[in-house]
>>> print(open('my_file-v3.cif').read())   # mmCIF, C-alpha atoms
data_entry
#
loop_
_atom_site.label_atom_id
_atom_site.label_comp_id
_atom_site.auth_asym_id
_atom_site.auth_seq_id
_atom_site.Cartn_x
_atom_site.Cartn_y
_atom_site.Cartn_z
CA THR A 1 0.00 0.00 0.00
CA GLN A 2 1.42 3.36 -1.04
CA LEU A 3 0.75 6.52 0.92
CA LEU A 4 0.45 8.66 -2.19
CA GLU A 5 -2.06 7.98 -4.94
CA GLN A 6 -1.54 9.52 -8.35
CA SER A 7 -4.12 10.12 -11.04
CA PRO A 8 -4.45 9.44 -13.80
CA GLN A 9 -2.38 6.27 -13.95
CA PHE A 10 -1.97 6.55 -17.72
CA LEU A 11 -2.28 9.60 -19.95
CA SER A 12 -1.91 9.78 -23.72
CA ILE A 13 -2.25 13.20 -25.32
CA GLN A 14 -1.42 15.06 -28.51
CA GLU A 15 1.53 17.41 -28.74
CA GLY A 16 0.50 20.92 -27.72
CA GLU A 17 -2.20 19.89 -25.26
CA ASN A 18 -2.19 20.76 -21.58
CA LEU A 19 -2.43 18.22 -18.77
CA THR A 20 -2.55 17.96 -14.99
CA VAL A 21 -1.35 15.09 -12.83
CA TYR A 22 -2.61 14.79 -9.25
CA CYS A 23 -0.90 13.35 -6.20
CA ASN A 24 -3.10 12.78 -3.14
CA SER A 25 -2.67 11.41 0.36
CA SER A 26 -4.37 11.37 3.73
CA SER A 27 -0.97 11.94 5.33
CA VAL A 28 0.84 15.21 5.89
CA PHE A 29 4.31 15.69 4.45
CA SER A 30 7.11 18.09 5.33
CA SER A 31 7.97 18.36 1.64
CA LEU A 32 6.98 16.84 -1.62
CA GLN A 33 9.06 16.09 -4.68
CA TRP A 34 8.28 15.34 -8.31
CA TYR A 35 10.45 13.04 -10.39
CA ARG A 36 10.50 11.91 -13.99
CA GLN A 37 11.74 8.43 -14.86
CA GLU A 38 12.58 7.16 -18.32
CA PRO A 39 12.96 3.49 -19.29
CA GLY A 40 16.21 1.97 -18.05
CA GLU A 41 16.99 4.91 -15.80
CA GLY A 42 16.45 5.96 -12.23
CA PRO A 43 14.07 8.78 -11.26
CA VAL A 44 15.39 12.30 -11.84
CA LEU A 45 14.31 15.08 -9.51
CA LEU A 46 12.28 17.86 -11.13
CA VAL A 47 11.30 19.98 -8.13
CA THR A 48 10.88 20.06 -4.35
CA VAL A 49 8.04 22.01 -2.71
CA VAL A 50 8.27 22.64 1.01
CA THR A 51 5.64 25.21 1.97
CA GLY A 52 1.88 24.58 2.01
CA GLY A 53 0.31 26.42 -0.93
CA GLU A 54 3.66 26.83 -2.68
CA VAL A 55 3.71 27.08 -6.46
CA LYS A 56 6.88 26.50 -8.47
CA LYS A 57 7.37 26.85 -12.19
CA LEU A 58 9.95 25.08 -14.29
CA LYS A 59 9.58 26.27 -17.89
CA ARG A 60 6.28 24.68 -19.04
CA LEU A 61 5.81 22.72 -15.81
CA THR A 62 3.92 24.15 -12.82
CA PHE A 63 3.98 22.39 -9.46
CA GLN A 64 1.69 23.14 -6.53
CA PHE A 65 1.77 21.90 -2.96
CA GLY A 66 -1.61 21.78 -1.24
CA ASP A 67 -2.35 24.14 1.64
CA ALA A 68 -2.73 21.18 4.02
CA ARG A 69 0.51 19.59 2.74
CA LYS A 70 -1.35 16.40 1.79
CA ASP A 71 -1.55 16.78 -1.96
CA SER A 72 0.19 18.20 -4.99
CA SER A 73 -0.33 18.72 -8.67
CA LEU A 74 1.83 18.94 -11.76
CA HIS A 75 0.54 20.92 -14.72
CA ILE A 76 2.25 20.78 -18.11
CA THR A 77 1.46 23.41 -20.71
CA ALA A 78 1.80 22.68 -24.41
CA ALA A 79 3.14 19.16 -23.93
CA GLN A 80 5.96 17.99 -26.18
CA PRO A 81 7.08 14.45 -27.10
CA GLY A 82 10.13 14.98 -24.91
CA ASP A 83 7.81 15.15 -21.89
CA THR A 84 6.99 11.46 -22.33
CA GLY A 85 7.90 9.42 -19.26
CA LEU A 86 6.81 8.16 -15.86
CA TYR A 87 6.05 10.98 -13.45
CA LEU A 88 6.37 10.19 -9.76
CA CYS A 89 5.52 12.26 -6.73
CA ALA A 90 7.32 11.49 -3.48
CA GLY A 91 6.70 12.79 0.01
CA VAL A 92 9.01 13.22 2.97
CA ARG A 93 7.46 12.85 6.42
CA TRP A 94 8.71 14.77 9.40
CA GLY A 95 11.40 12.85 11.24
CA ALA A 96 12.05 10.49 8.34
CA ASN A 97 14.72 10.58 5.68
CA ASN A 98 13.21 8.19 3.17
CA LEU A 99 10.89 9.02 0.30
CA PHE A 100 7.32 7.73 0.04
CA PHE A 101 6.62 7.46 -3.67
CA GLY A 102 3.30 7.74 -5.41
CA THR A 103 1.87 5.14 -7.73
CA GLY A 104 3.12 6.95 -10.84
CA THR A 105 1.58 8.50 -13.95
CA ARG A 106 2.78 7.27 -17.31
CA LEU A 107 2.55 10.10 -19.83
CA THR A 108 2.79 9.63 -23.59
CA VAL A 109 2.83 12.69 -25.81
CA ILE A 110 2.04 11.88 -29.43
CA PRO A 111 3.70 14.06 -32.09
CA GLU B 112 24.31 12.07 -14.97
CA THR B 113 24.22 11.70 -11.17
CA GLY B 114 27.45 9.80 -10.55
CA VAL B 115 25.57 6.97 -8.81
CA THR B 116 26.37 3.63 -10.39
CA GLN B 117 24.82 0.22 -9.86
CA SER B 118 25.86 -3.27 -10.85
CA PRO B 119 24.90 -5.50 -12.42
CA THR B 120 22.46 -3.92 -14.86
CA HIS B 121 20.39 -7.06 -15.25
CA LEU B 122 20.28 -10.31 -13.32
CA ILE B 123 18.31 -13.53 -13.62
CA LYS B 124 18.00 -15.88 -10.64
CA THR B 125 15.81 -18.80 -9.64
CA ARG B 126 13.59 -19.13 -6.59
CA GLY B 127 15.49 -19.87 -3.39
CA GLN B 128 18.78 -18.40 -4.60
CA GLN B 129 20.58 -15.46 -3.05
CA VAL B 130 21.59 -12.24 -4.79
CA THR B 131 23.89 -9.30 -4.07
CA LEU B 132 23.41 -5.93 -5.74
CA ARG B 133 25.96 -3.14 -5.56
CA CYS B 134 25.83 0.63 -5.52
CA SER B 135 28.55 3.26 -5.66
CA SER B 136 27.41 6.55 -4.20
CA GLN B 137 28.09 10.01 -5.53
CA SER B 138 31.28 11.68 -4.33
CA GLY B 139 30.73 13.60 -1.08
CA HIS B 140 27.61 11.67 -0.10
CA ASN B 141 27.43 9.65 3.12
CA THR B 142 24.01 8.02 2.82
CA VAL B 143 22.61 5.32 0.57
CA SER B 144 18.95 4.37 0.33
CA TRP B 145 17.58 1.32 -1.46
CA TYR B 146 14.19 1.10 -3.16
CA GLN B 147 12.28 -1.69 -4.90
CA GLN B 148 10.22 -0.74 -7.93
CA ALA B 149 7.86 -3.43 -9.17
CA LEU B 150 6.66 -3.20 -12.75
CA GLY B 151 4.12 -0.41 -13.18
CA GLN B 152 4.47 0.88 -9.63
CA GLY B 153 6.32 3.58 -7.75
CA PRO B 154 9.49 2.72 -5.82
CA GLN B 155 9.10 1.40 -2.26
CA PHE B 156 11.67 2.14 0.43
CA ILE B 157 13.67 -0.88 1.61
CA PHE B 158 16.25 0.67 3.95
CA GLN B 159 18.81 3.42 4.33
CA TYR B 160 22.44 3.27 5.42
CA TYR B 161 24.29 6.16 7.01
CA ARG B 162 27.94 5.89 7.94
CA GLU B 163 27.86 2.09 7.71
CA GLU B 164 24.79 1.62 9.93
CA GLU B 165 21.15 1.02 9.09
CA ASN B 166 19.25 4.29 9.50
CA GLY B 167 15.66 3.37 8.82
CA ARG B 168 13.86 0.45 7.25
CA GLY B 169 10.67 -0.01 5.27
CA ASN B 170 8.21 -2.89 5.37
CA PHE B 171 10.52 -5.59 3.99
CA PRO B 172 11.34 -8.97 5.59
CA PRO B 173 14.72 -9.72 7.21
CA ARG B 174 15.87 -11.69 4.16
CA PHE B 175 16.51 -8.24 2.67
CA SER B 176 19.75 -7.04 4.24
CA GLY B 177 22.41 -4.53 3.43
CA LEU B 178 25.86 -3.19 4.06
CA GLN B 179 27.59 0.12 3.68
CA PHE B 180 31.36 0.31 3.37
CA PRO B 181 33.81 2.97 4.61
CA ASN B 182 33.84 4.54 1.14
CA TYR B 183 30.02 4.80 1.43
CA SER B 184 29.31 2.31 -1.34
CA SER B 185 26.64 -0.20 -0.47
CA GLU B 186 25.30 -3.69 -1.08
CA LEU B 187 21.78 -5.05 -1.00
CA ASN B 188 21.49 -8.77 -0.29
CA VAL B 189 18.34 -10.79 -0.77
CA ASN B 190 18.18 -14.38 0.48
CA ALA B 191 15.69 -17.11 -0.44
CA LEU B 192 14.47 -15.29 -3.54
CA GLU B 193 10.77 -15.37 -4.32
CA LEU B 194 9.02 -14.71 -7.62
CA ASP B 195 7.62 -11.42 -6.22
CA ASP B 196 11.16 -10.15 -5.71
CA SER B 197 11.34 -9.56 -9.46
CA ALA B 198 11.69 -5.80 -9.76
CA LEU B 199 13.96 -2.87 -10.51
CA TYR B 200 16.18 -2.18 -7.51
CA LEU B 201 17.23 1.44 -7.18
CA CYS B 202 19.83 2.95 -4.95
CA ALA B 203 19.98 6.64 -4.14
CA SER B 204 22.82 8.52 -2.56
CA SER B 205 22.51 11.69 -0.52
CA LEU B 206 24.20 13.79 2.13
CA LEU B 207 22.73 13.48 5.60
CA ALA B 208 23.61 16.48 7.73
CA GLY B 209 21.96 17.91 10.82
CA GLY B 210 19.42 15.09 10.84
CA ASN B 211 18.04 16.01 7.42
CA THR B 212 18.72 14.29 4.14
CA ASP B 213 19.59 16.41 1.15
CA THR B 214 18.34 15.59 -2.33
CA GLN B 215 18.57 11.89 -3.22
CA TYR B 216 20.28 11.06 -6.51
CA PHE B 217 19.25 7.79 -8.07
CA GLY B 218 21.30 5.27 -9.97
CA PRO B 219 19.98 3.55 -13.12
CA GLY B 220 18.88 0.48 -11.17
CA THR B 221 19.40 -3.27 -11.36
CA ARG B 222 16.65 -5.26 -13.05
CA LEU B 223 16.24 -8.56 -11.15
CA THR B 224 14.18 -11.36 -12.62
CA VAL B 225 13.36 -14.38 -10.46
CA LEU B 226 12.24 -17.50 -12.33
#
>>> encode(input="my_file-v3.cif", output="structure tokens")
Amino acid sequence: TQLLEQSPQFLSIQEGENLTVYCNSSSVFSSLQWYRQEPGEGPVLLVTVVTGGEVKKLKRLTFQFGDARKDSSLHITAAQPGDTGLYLCAGVRWGANNLFFGTGTRLTVIP
Amino acid sequence: ETGVTQSPTHLIKTRGQQVTLRCSSQSGHNTVSWYQQALGQGPQFIFQYYREEENGRGNFPPRFSGLQFPNYSSELNVNALELDDSALYLCASSLLAGGNTDTQYFGPGTRLTVL
């Protein structure tokens, strides 16, 4: 059982479309991270959000941490084929050093 | 490229066998964490090693054990392999300072198949 549930599990969209991935939990986290993982590779950190309500932008990607620190979202504007991959959210609980990963969202952007 | 390396890349074993996976951490890091990623799922925390001692453990049985060496590289050992142990095993290195772990950098993983 994973603490963080992501939705949707799979997403296939056309190049240029916008999309949002959700990461939800009933637990509170001190911080939340988003990773992207490509086949044959380990997850690569995209962003860390640490303050409830925080919004961070990374080019076409916008990350938000929920006010209650239990959920997060990733919004991609004008998706490109290079955005294809497995997107993982991961939470850090107070007093712990390990990451609790979400269930993952597999994104395919069709040219 | 993170500087974290893992070996071997792929491994095939049969039920009941034992396996050892290896991880070399990034220069300057003192902590290694191991995760198991089953097909189609997110990684699950196995355990973490800090300065050669276990520093936290997830919900995995004792047949999953580990070591960290003075150069901070690490091994994951799994005894009595079961079919459900088939997964991608990821190690992540980080710097633990002041009780808080810095960003974790992941290696490419070892794909273990148990037949």
>>> closest_residue(input="my_file-v3.cif", among="B:Ser184, B:Ser135, B:Ser205, B:Asn190", to="chain A", atoms="only C-alpha atoms")
B:Ser205
>>> interface_residues(input="my_file-v3.cif", of="chain A", to="chain B", cutoff="7 Å", atoms="all atoms listed in the file", output="PyMOL selection string")
chain A and resi 40-43+88+97-104
>>> residues_around(input="my_file-v3.cif", residues="Asp196 of chain B", least_positions_apart="3", cutoff="9 Å", atoms="only C-alpha atoms", output="ChimeraX atom specification")
/B:147,149,189,192-193,223-225
>>> atom_distance(input="my_file-v3.cif", atom1="atom CA of Leu74 of chain A", atom2="atom CA of Pro111 of chain A")
21.0 Å
>>> residues_around(input="my_file-v3.cif", residues="Glu164 of chain B", least_positions_apart="6", cutoff="10 Å", atoms="only C-alpha atoms", output="list of chain:residue names")
B:Thr142, B:Gly177, B:Leu178, B:Gln179, B:Phe180
>>> residues_around(input="my_file-v3.cif", residues="segment 46-59 of chain A", least_positions_apart="2", cutoff="12 Å", atoms="all atoms listed in the file", output="mmCIF file with C-alpha atoms, in the frame of the given file")
data_model
loop_
_atom_site.group_PDB
_atom_site.id
_atom_site.type_symbol
_atom_site.label_atom_id
_atom_site.label_comp_id
_atom_site.auth_asym_id
_atom_site.auth_seq_id
_atom_site.Cartn_x
_atom_site.Cartn_y
_atom_site.Cartn_z
ATOM 1 C CA VAL A 28 0.840 15.210 5.890
ATOM 2 C CA PHE A 29 4.310 15.690 4.450
ATOM 3 C CA SER A 30 7.110 18.090 5.330
ATOM 4 C CA SER A 31 7.970 18.360 1.640
ATOM 5 C CA LEU A 32 6.980 16.840 -1.620
ATOM 6 C CA GLN A 33 9.060 16.090 -4.680
ATOM 7 C CA TRP A 34 8.280 15.340 -8.310
ATOM 8 C CA TYR A 35 10.450 13.040 -10.390
ATOM 9 C CA ARG A 36 10.500 11.910 -13.990
ATOM 10 C CA GLN A 37 11.740 8.430 -14.860
ATOM 11 C CA PRO A 43 14.070 8.780 -11.260
ATOM 12 C CA VAL A 44 15.390 12.300 -11.840
ATOM 13 C CA LEU A 61 5.810 22.720 -15.810
ATOM 14 C CA THR A 62 3.920 24.150 -12.820
ATOM 15 C CA PHE A 63 3.980 22.390 -9.460
ATOM 16 C CA GLN A 64 1.690 23.140 -6.530
ATOM 17 C CA PHE A 65 1.770 21.900 -2.960
ATOM 18 C CA GLY A 66 -1.610 21.780 -1.240
ATOM 19 C CA ASP A 67 -2.350 24.140 1.640
ATOM 20 C CA ALA A 68 -2.730 21.180 4.020
ATOM 21 C CA ARG A 69 0.510 19.590 2.740
ATOM 22 C CA LYS A 70 -1.350 16.400 1.790
ATOM 23 C CA ASP A 71 -1.550 16.780 -1.960
ATOM 24 C CA SER A 72 0.190 18.200 -4.990
ATOM 25 C CA SER A 73 -0.330 18.720 -8.670
ATOM 26 C CA LEU A 74 1.830 18.940 -11.760
ATOM 27 C CA HIS A 75 0.540 20.920 -14.720
ATOM 28 C CA ILE A 76 2.250 20.780 -18.110
ATOM 29 C CA THR A 77 1.460 23.410 -20.710
ATOM 30 C CA ALA A 78 1.800 22.680 -24.410
ATOM 31 C CA ALA A 79 3.140 19.160 -23.930
ATOM 32 C CA ASP A 83 7.810 15.150 -21.890
ATOM 33 C CA TYR A 87 6.050 10.980 -13.450
ATOM 34 C CA LEU A 88 6.370 10.190 -9.760
ATOM 35 C CA CYS A 89 5.520 12.260 -6.730
ATOM 36 C CA ALA A 90 7.320 11.490 -3.480
ATOM 37 C CA GLY A 91 6.700 12.790 0.010
ATOM 38 C CA VAL A 92 9.010 13.220 2.970
ATOM 39 C CA ARG A 93 7.460 12.850 6.420
ATOM 40 C CA TRP A 94 8.710 14.770 9.400
ATOM 41 C CA LEU A 99 10.890 9.020 0.300
ATOM 42 C CA ASP B 213 19.590 16.410 1.150
ATOM 43 C CA THR B 214 18.340 15.590 -2.330
ATOM 44 C CA GLN B 215 18.570 11.890 -3.220
ATOM 45 C CA TYR B 216 20.280 11.060 -6.510
#
>>> atom_distance(input="my_file-v3.cif", atom1="atom CA of Leu206 of chain B", atom2="atom CA of Glu186 of chain B")
17.8 Å
>>> atom_distance(input="my_file-v3.cif", atom1="atom CA of Tyr161 of chain B", atom2="atom CA of Arg133 of chain B")
15.7 Å
>>> residues_near_point(input="my_file-v3.cif", point="(19.4, -19.2, -7.8)", cutoff="10 Å", atoms="only C-alpha atoms", output="mmCIF file with C-alpha atoms, keeping the file's coordinate frame")
data_model
loop_
_atom_site.group_PDB
_atom_site.id
_atom_site.type_symbol
_atom_site.label_atom_id
_atom_site.label_comp_id
_atom_site.auth_asym_id
_atom_site.auth_seq_id
_atom_site.Cartn_x
_atom_site.Cartn_y
_atom_site.Cartn_z
ATOM 1 C CA ILE B 123 18.310 -13.530 -13.620
ATOM 2 C CA LYS B 124 18.000 -15.880 -10.640
ATOM 3 C CA THR B 125 15.810 -18.800 -9.640
ATOM 4 C CA ARG B 126 13.590 -19.130 -6.590
ATOM 5 C CA GLY B 127 15.490 -19.870 -3.390
ATOM 6 C CA GLN B 128 18.780 -18.400 -4.600
ATOM 7 C CA GLN B 129 20.580 -15.460 -3.050
ATOM 8 C CA VAL B 130 21.590 -12.240 -4.790
ATOM 9 C CA ASN B 190 18.180 -14.380 0.480
ATOM 10 C CA ALA B 191 15.690 -17.110 -0.440
ATOM 11 C CA LEU B 192 14.470 -15.290 -3.540
ATOM 12 C CA VAL B 225 13.360 -14.380 -10.460
ATOM 13 C CA LEU B 226 12.240 -17.500 -12.330
#
>>> closest_residue(input="my_file-v3.cif", among="B:Asn188, B:Asn141, B:Ser197, B:Ser136", to="Phe175 of chain B", atoms="only C-alpha atoms")
B:Asn188
>>> resolve_selection(input="my_file-v3.cif", expression="the PyMOL selection byres ((chain A and resi 25) around 7)", output="ChimeraX atom specification")
/A:3-5,24,26-27,70-71
>>> closest_residue(input="my_file-v3.cif", among="B:Cys134, B:Val143, B:Leu150, B:Leu187", to="Arg174 of chain B", atoms="all atoms listed in the file")
B:Leu187
